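Peer 1: Just passing along the structure, written as structure tokens.
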Amino acid sequence: MRELLSTRLGTDRSPTVLVIFASTLVSVMGVSLISPALPTIQAAWNVSTSQASLLISAFTFPGIVLTPFVGLVSDRIGRKRVLVPSLFLFGISGFAVVFVGDFTTVLALRVVQGTAGSAIMSLTVTLLGDIFTGEQRSRFIGLNAAILAIGAAGYPLIGGGLALISWTVPFICFALAVLVAVAGSAILPDPKGESESGGLSYFVEAARAIPTRTALVLYTAIFGIFVILYGAQLTVIPFVLDDSYGLSSGVIGLLLGLPAVAMGVTSSQSSRLLGYFSPLRLIALGFLTYGVGLSVAALTDSILVLAGALFLFGFGQGFAEPITDTALNALTPDAFRGGIMSIRTSILQLGTTVGPPLFVSVASIVGYSETLLIAGVTAFVVGVAGIGYLALFGGERTTSI
């Protein structure tokens with residue numbers, strides 16, 4: 001990887017990009033590494049299933065409210081001065097869980113860690129937008145999304161295996177964030193922030209600096225992407241695999257990794273795709289592909305066909321997710337990039353928080369397969385409508401928004 005980056009960038013930027021990618025891998029640990037360990041944690045602490053699930057909610061919820069303020073601060077004082085302390089805080093608060101003696105303190109530490117994790121997730125994409133422009137920006141944001149997908153696919157297997165040793169072992173892994181923080185403090189550039197405004201005036205000026213309608217479309221797409229990802233793929237699909245196919249948790253984990261593999265392949269080619277289609281057209285294509293994948297998964301009774309549907313879902317994720325990040329970065333002036341991208345992270349976290357209970361609530365009324373079909377048809381209609389609208393009013397072969 002380092003040799004590839006050095007060839008593409010020159011030796012001055014490759015260490016910086018490696019730190020950014022390592023930070024992305026660290027941030028995705030927060031949920032993916034812990035989720036498969038929840039049953040073990042539940043047994044160790046003798047708590048209910050709903051109490052154990054709070055370990056995930058406590059991590060994701062703070063970012064909804066607090067991340068925009070992280071973006072504001074990073075625009076004023078610089079990315080490094082926020083990212084490096086966030087990495088330290090993420091690592092220390094996660095590792096400290098091993099040593100606490102009551103479950104309430106565990107949840108409090110997860111809140112702290114989730115706040116830091118949201119900042120990391122936002123600032124990695126923001127930094128790539130700061131450093132690169134044009135085709136290079138889309139390429140490296142795509143690679144960042146591919147790395148995130150690799151973590152999302154691999155960490156559940158790692159976390160589940162480590163939890164067999166002890167519920168505490170997955171939390172020890174968070175100490176790796178401290179090593180990344182040390183590397184970041186030595187390697188990352190330390191430019192001063194460019195924004196002079198603060199408080200409400202900052203957000204007013206940021207809103208005036210970007211095309212509001214397009215930004216709202218992109219933010220809505222991000223919300224939809226993560227509602228579907230966390231509600232359908234990561235919540236409903238496991239129940240379908242268990243109830244309809246009687247698969248073990250290990251096989252379910254392997255099948256849930258298929259979309260991440262497909263996403264990684266597609267995300268790594270996002271810069272090439274943007275040479276042929278506009279960002280909004282690719283996002284619409286992503287929703288259309290989601291729709292087909294979810295509908296097939298809902299209707300099939302073949303495990304092989306369902307595996308293919310999960311691959312298709314992953315391709316849709318690769319079309320949509322990194323492209324929204326690239327498009328938002330392209331829209332945003334440097335002085336407000338931290339704030340605009342942090343709002344993206346807040347909306348992302350909102351989607352991850354809303355998705356599971358929304359899909360479970362619908363499934364409790366109509367059933368799991370029926371819920372997948374409703375989501376699939378809805379996503380398909382959104383994708384077709386978007387492509388139809390762009391065919392009438394949008395450009396076909398431009399990388400601009």
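Chain labels run A, B, ... following the order of the structure tokens; each chain numbers its residues from 1, and ligands are numbered from 1 in the order shown.
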Find the nearest atom pair between each residue of range 117-226 of chain A and range 345-352 of chain A for residues within 10 Å, count only C-alpha atoms, give distances in Å to one decimal, sort rows by chain and ascending number, and present the table as a tab-separated table.
Peer 2:
```
residue	atom	partner	partner_atom	distance
A:Ser118	CA	A:Thr345	CA	6.8
A:Ala119	CA	A:Thr345	CA	8.3
A:Ile120	CA	A:Thr345	CA	9.8
A:Met121	CA	A:Thr345	CA	7.2
A:Ser122	CA	A:Thr345	CA	5.6
A:Leu123	CA	A:Thr345	CA	9.4
A:Val125	CA	A:Thr345	CA	9.8
A:Tyr219	CA	A:Ile347	CA	7.0
A:Thr220	CA	A:Ile347	CA	8.3
A:Ala221	CA	A:Leu348	CA	9.7
A:Ile222	CA	A:Leu348	CA	6.1
A:Phe223	CA	A:Gly351	CA	5.0
A:Gly224	CA	A:Gly351	CA	6.9
A:Ile225	CA	A:Gly351	CA	7.7
A:Phe226	CA	A:Gly351	CA	4.9
```
Peer 1: Find the spatial neighbours of Ile147 in chain A, counting only C-alpha atoms, within a cut-off of 9 Å - ignore same-chain residues fewer than 4 positions away - and output them as a ChimeraX atom specification.
Peer 2: /A:21-22,24-25,142-143,151-152,264
Peer 1: Hey, can you check how far CA of Ser27 in chain A sits from CA of Ala108 in chain A?
Peer 2: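 It comes out at 17.9 Å.
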Peer 1: From the list A:Thr353, A:Ser166, A:Ser271, A:Asn144, which residue is nearest Leu38 in chain A when using only C-alpha atoms?
Peer 2: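 Ranked by minimum distance to Leu38 in chain A, first place goes to A:Ser166.
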Peer 1: Can you pull out every residue within 7 Å of Gly383 in chain A, counting only C-alpha atoms, but drop anything in the same chain fewer than 6 positions away, and send it as a PyMOL selection string?
Peer 2: chain A and resi 284-285+287-288
Peer 1: What's the separation between CA of Thr371 in chain A and CA of Phe359 in chain A, in Å to one decimal place?
Peer 2: 7.0 Å
Peer 1: Rank A:Thr133, A:Gly184, A:Ser93, A:Ser248 by their smallest atom-to-atom distance to Phe171 in chain A, using only C-alpha atoms, and report the top residue only.
Peer 2: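 For Phe171 in chain A, the nearest of the candidates is A:Ser93.
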Peer 1: Between A:Ala307, A:Leu107, A:Ala37, A:Leu256, which is the closest to Phe61 in chain A once you count only C-alpha atoms?
Peer 2: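 Using only C-alpha atoms, Phe61 in chain A sits closest to A:Leu107.
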Peer 1: Using backbone DSSP assignments, extract all helix (DSSP H, G or I) residues from range 135-287 of chain A; output them as a PyMOL selection string.
Peer 2: chain A and resi 135-163+169-187+199-209+212-245+249-267+270-273+279-287
Peer 1: I need the residue nearest Ile92 in chain A from this list: A:Met29, A:Ile323, A:Val112, A:Ala163. Use only C-alpha atoms for the distance.
Peer 2: A:Val112
Peer 1: Write out as a ChimeraX atom specification which residues come within 8 Å of Thr378 in chain A when counting only C-alpha atoms, dropping same-chain ones fewer than 4 positions away.
Peer 2: /A:291,374,382
Peer 1: Could you write out that same residue set with N, CA and C atoms as a JSON list (two decimals), in the first residue's frame?
Peer 2:
```json
[["chain", "number", "residue", "atom", "x", "y", "z"],
["A", 291, "GLY", "N", -32.36, -1.42, -4.39],
["A", 291, "GLY", "CA", -33.73, -1.90, -4.53],
["A", 291, "GLY", "C", -33.79, -3.29, -5.12],
["A", 374, "ILE", "N", -40.52, -4.22, 1.01],
["A", 374, "ILE", "CA", -40.97, -2.82, 1.07],
["A", 374, "ILE", "C", -39.78, -1.88, 0.89],
["A", 382, "VAL", "N", -37.05, 5.23, -5.75],
["A", 382, "VAL", "CA", -36.22, 6.42, -5.56],
["A", 382, "VAL", "C", -35.12, 6.48, -6.62]]
```
Peer 1: Residues at most 10 Å from range 75-90 of chain A, counting only C-alpha atoms, excluding those fewer than 5 positions away in the same chain, as a ChimeraX atom specification?
Peer 2: /A:20,23,26-27,30,69-70,95,109-110,112-124,126-127,130,174-198,202,334-340
Peer 1: Using only C-alpha atoms, which protein or nucleic acid residues come within 12 Å of Gly386 in chain A? Drop anything in the same chain fewer than 2 positions from it, and give the result as a list of chain:residue names.
Peer 2: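 In the requested form, the answer reads A:Val217, A:Ala221, A:Ser278, A:Pro279, A:Leu280, A:Arg281, A:Leu282, A:Ile283, A:Ala284, A:Leu285, A:Gly286, A:Phe287, A:Leu288, A:Ala379, A:Phe380, A:Val381, A:Val382, A:Gly383, A:Val384, A:Gly388, A:Tyr389, A:Leu390, A:Ala391, A:Leu392, A:Phe393, A:Gly394.
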Peer 1: Can you write out the residues you just picked, keeping C-alpha atoms, as an mmCIF file, in the first residue's frame?
Peer 2:
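Below you can see part_23.cif, which holds the result:
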```cif
data_model
loop_
_atom_site.group_PDB
_atom_site.id
_atom_site.type_symbol
_atom_site.label_atom_id
_atom_site.label_comp_id
_atom_site.auth_asym_id
_atom_site.auth_seq_id
_atom_site.Cartn_x
_atom_site.Cartn_y
_atom_site.Cartn_z
ATOM 1 C CA VAL A 217 -30.190 16.204 -1.756
ATOM 2 C CA ALA A 221 -29.156 10.489 0.276
ATOM 3 C CA SER A 278 -22.366 12.636 -12.712
ATOM 4 C CA PRO A 279 -22.292 12.110 -8.925
ATOM 5 C CA LEU A 280 -26.057 12.453 -8.592
ATOM 6 C CA ARG A 281 -26.608 9.875 -11.335
ATOM 7 C CA LEU A 282 -24.307 7.387 -9.590
ATOM 8 C CA ILE A 283 -26.098 7.933 -6.279
ATOM 9 C CA ALA A 284 -29.450 7.294 -7.997
ATOM 10 C CA LEU A 285 -27.968 4.166 -9.568
ATOM 11 C CA GLY A 286 -26.871 3.069 -6.096
ATOM 12 C CA PHE A 287 -30.438 3.298 -4.767
ATOM 13 C CA LEU A 288 -31.758 1.441 -7.801
ATOM 14 C CA ALA A 379 -35.240 2.215 -2.889
ATOM 15 C CA PHE A 380 -35.845 1.074 -6.480
ATOM 16 C CA VAL A 381 -38.517 3.745 -7.016
ATOM 17 C CA VAL A 382 -36.220 6.425 -5.562
ATOM 18 C CA GLY A 383 -33.407 5.316 -7.877
ATOM 19 C CA VAL A 384 -35.596 5.219 -10.994
ATOM 20 C CA GLY A 388 -35.444 9.839 -14.752
ATOM 21 C CA TYR A 389 -35.190 13.352 -13.343
ATOM 22 C CA LEU A 390 -31.514 13.619 -14.232
ATOM 23 C CA ALA A 391 -32.192 12.324 -17.753
ATOM 24 C CA LEU A 392 -34.526 15.268 -18.242
ATOM 25 C CA PHE A 393 -32.646 17.995 -16.388
ATOM 26 C CA GLY A 394 -29.123 16.749 -15.503
#
```
Peer 1: Would you mind listing what lies within 10 Å of Thr40 in chain A as a list of chain:residue names, with only C-alpha atoms counted and same-chain residues fewer than 2 positions away left out?
Peer 2: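 Near Thr40 in chain A, the qualifying residues are A:Pro36, A:Ala37, A:Leu38, A:Gln42, A:Ala43, A:Ala44, A:Trp45, A:Asn46, A:Ala52, A:Gly160, A:Ala163, A:Leu164, A:Ile165, A:Ser166, A:Trp167, A:Thr168.
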Peer 1: Go ahead and dump the residues you just picked, N, CA, C and O atoms, as a PDB file, in the first residue's frame.
Peer 2:
```pdb
ATOM      1  N   PRO A  36     -20.544  -8.345  17.509  1.00  0.00           N
ATOM      2  CA  PRO A  36     -20.611  -9.803  17.704  1.00  0.00           C
ATOM      3  C   PRO A  36     -20.303 -10.237  19.133  1.00  0.00           C
ATOM      4  O   PRO A  36     -20.582 -11.381  19.503  1.00  0.00           O
ATOM      5  N   ALA A  37     -19.728  -9.330  19.928  1.00  0.00           N
ATOM      6  CA  ALA A  37     -19.401  -9.672  21.314  1.00  0.00           C
ATOM      7  C   ALA A  37     -20.544  -9.375  22.278  1.00  0.00           C
ATOM      8  O   ALA A  37     -20.433  -9.681  23.476  1.00  0.00           O
ATOM      9  N   LEU A  38     -21.650  -8.794  21.792  1.00  0.00           N
ATOM     10  CA  LEU A  38     -22.729  -8.388  22.691  1.00  0.00           C
ATOM     11  C   LEU A  38     -23.292  -9.550  23.521  1.00  0.00           C
ATOM     12  O   LEU A  38     -23.545  -9.371  24.723  1.00  0.00           O
ATOM     13  N   GLN A  42     -23.292  -9.425  27.484  1.00  0.00           N
ATOM     14  CA  GLN A  42     -24.553  -9.568  28.219  1.00  0.00           C
ATOM     15  C   GLN A  42     -24.423 -10.603  29.334  1.00  0.00           C
ATOM     16  O   GLN A  42     -24.840 -10.365  30.478  1.00  0.00           O
ATOM     17  N   ALA A  43     -23.819 -11.749  29.003  1.00  0.00           N
ATOM     18  CA  ALA A  43     -23.653 -12.806  30.003  1.00  0.00           C
ATOM     19  C   ALA A  43     -22.679 -12.395  31.097  1.00  0.00           C
ATOM     20  O   ALA A  43     -22.901 -12.675  32.283  1.00  0.00           O
ATOM     21  N   ALA A  44     -21.603 -11.709  30.705  1.00  0.00           N
ATOM     22  CA  ALA A  44     -20.582 -11.322  31.686  1.00  0.00           C
ATOM     23  C   ALA A  44     -21.124 -10.336  32.712  1.00  0.00           C
ATOM     24  O   ALA A  44     -20.786 -10.408  33.904  1.00  0.00           O
ATOM     25  N   TRP A  45     -21.974  -9.417  32.264  1.00  0.00           N
ATOM     26  CA  TRP A  45     -22.508  -8.392  33.155  1.00  0.00           C
ATOM     27  C   TRP A  45     -23.884  -8.753  33.713  1.00  0.00           C
ATOM     28  O   TRP A  45     -24.437  -7.998  34.526  1.00  0.00           O
ATOM     29  N   ASN A  46     -24.448  -9.868  33.227  1.00  0.00           N
ATOM     30  CA  ASN A  46     -25.781 -10.292  33.678  1.00  0.00           C
ATOM     31  C   ASN A  46     -26.810  -9.186  33.461  1.00  0.00           C
ATOM     32  O   ASN A  46     -27.559  -8.799  34.379  1.00  0.00           O
ATOM     33  N   ALA A  52     -27.662  -4.576  26.928  1.00  0.00           N
ATOM     34  CA  ALA A  52     -26.420  -4.832  26.202  1.00  0.00           C
ATOM     35  C   ALA A  52     -26.378  -4.040  24.896  1.00  0.00           C
ATOM     36  O   ALA A  52     -25.325  -3.528  24.499  1.00  0.00           O
ATOM     37  N   GLY A 160     -15.840 -11.334  17.141  1.00  0.00           N
ATOM     38  CA  GLY A 160     -16.475 -12.561  17.625  1.00  0.00           C
ATOM     39  C   GLY A 160     -15.454 -13.568  18.107  1.00  0.00           C
ATOM     40  O   GLY A 160     -15.652 -14.227  19.142  1.00  0.00           O
ATOM     41  N   ALA A 163     -13.917 -12.380  21.447  1.00  0.00           N
ATOM     42  CA  ALA A 163     -14.868 -12.488  22.564  1.00  0.00           C
ATOM     43  C   ALA A 163     -14.945 -13.907  23.109  1.00  0.00           C
ATOM     44  O   ALA A 163     -15.370 -14.106  24.253  1.00  0.00           O
ATOM     45  N   LEU A 164     -14.523 -14.890  22.311  1.00  0.00           N
ATOM     46  CA  LEU A 164     -14.480 -16.264  22.815  1.00  0.00           C
ATOM     47  C   LEU A 164     -13.431 -16.406  23.916  1.00  0.00           C
ATOM     48  O   LEU A 164     -13.541 -17.280  24.789  1.00  0.00           O
ATOM     49  N   ILE A 165     -12.403 -15.553  23.872  1.00  0.00           N
ATOM     50  CA  ILE A 165     -11.377 -15.566  24.925  1.00  0.00           C
ATOM     51  C   ILE A 165     -11.923 -14.893  26.180  1.00  0.00           C
ATOM     52  O   ILE A 165     -11.888 -15.434  27.279  1.00  0.00           O
ATOM     53  N   SER A 166     -12.425 -13.679  25.993  1.00  0.00           N
ATOM     54  CA  SER A 166     -13.027 -12.910  27.084  1.00  0.00           C
ATOM     55  C   SER A 166     -13.757 -11.718  26.470  1.00  0.00           C
ATOM     56  O   SER A 166     -13.350 -11.211  25.418  1.00  0.00           O
ATOM     57  N   TRP A 167     -14.809 -11.248  27.151  1.00  0.00           N
ATOM     58  CA  TRP A 167     -15.530 -10.083  26.629  1.00  0.00           C
ATOM     59  C   TRP A 167     -14.641  -8.846  26.595  1.00  0.00           C
ATOM     60  O   TRP A 167     -14.904  -7.911  25.825  1.00  0.00           O
ATOM     61  N   THR A 168     -13.580  -8.815  27.404  1.00  0.00           N
ATOM     62  CA  THR A 168     -12.726  -7.632  27.474  1.00  0.00           C
ATOM     63  C   THR A 168     -11.746  -7.524  26.302  1.00  0.00           C
ATOM     64  O   THR A 168     -11.278  -6.427  25.985  1.00  0.00           O
TER      65      THR A 168
END
```
Peer 1: So what do you get for CA of Ala297 in chain A versus CA of Val251 in chain A, distance-wise?
Peer 2: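 Calculated distance between CA of Ala297 in chain A and CA of Val251 in chain A is 16.4 Å.
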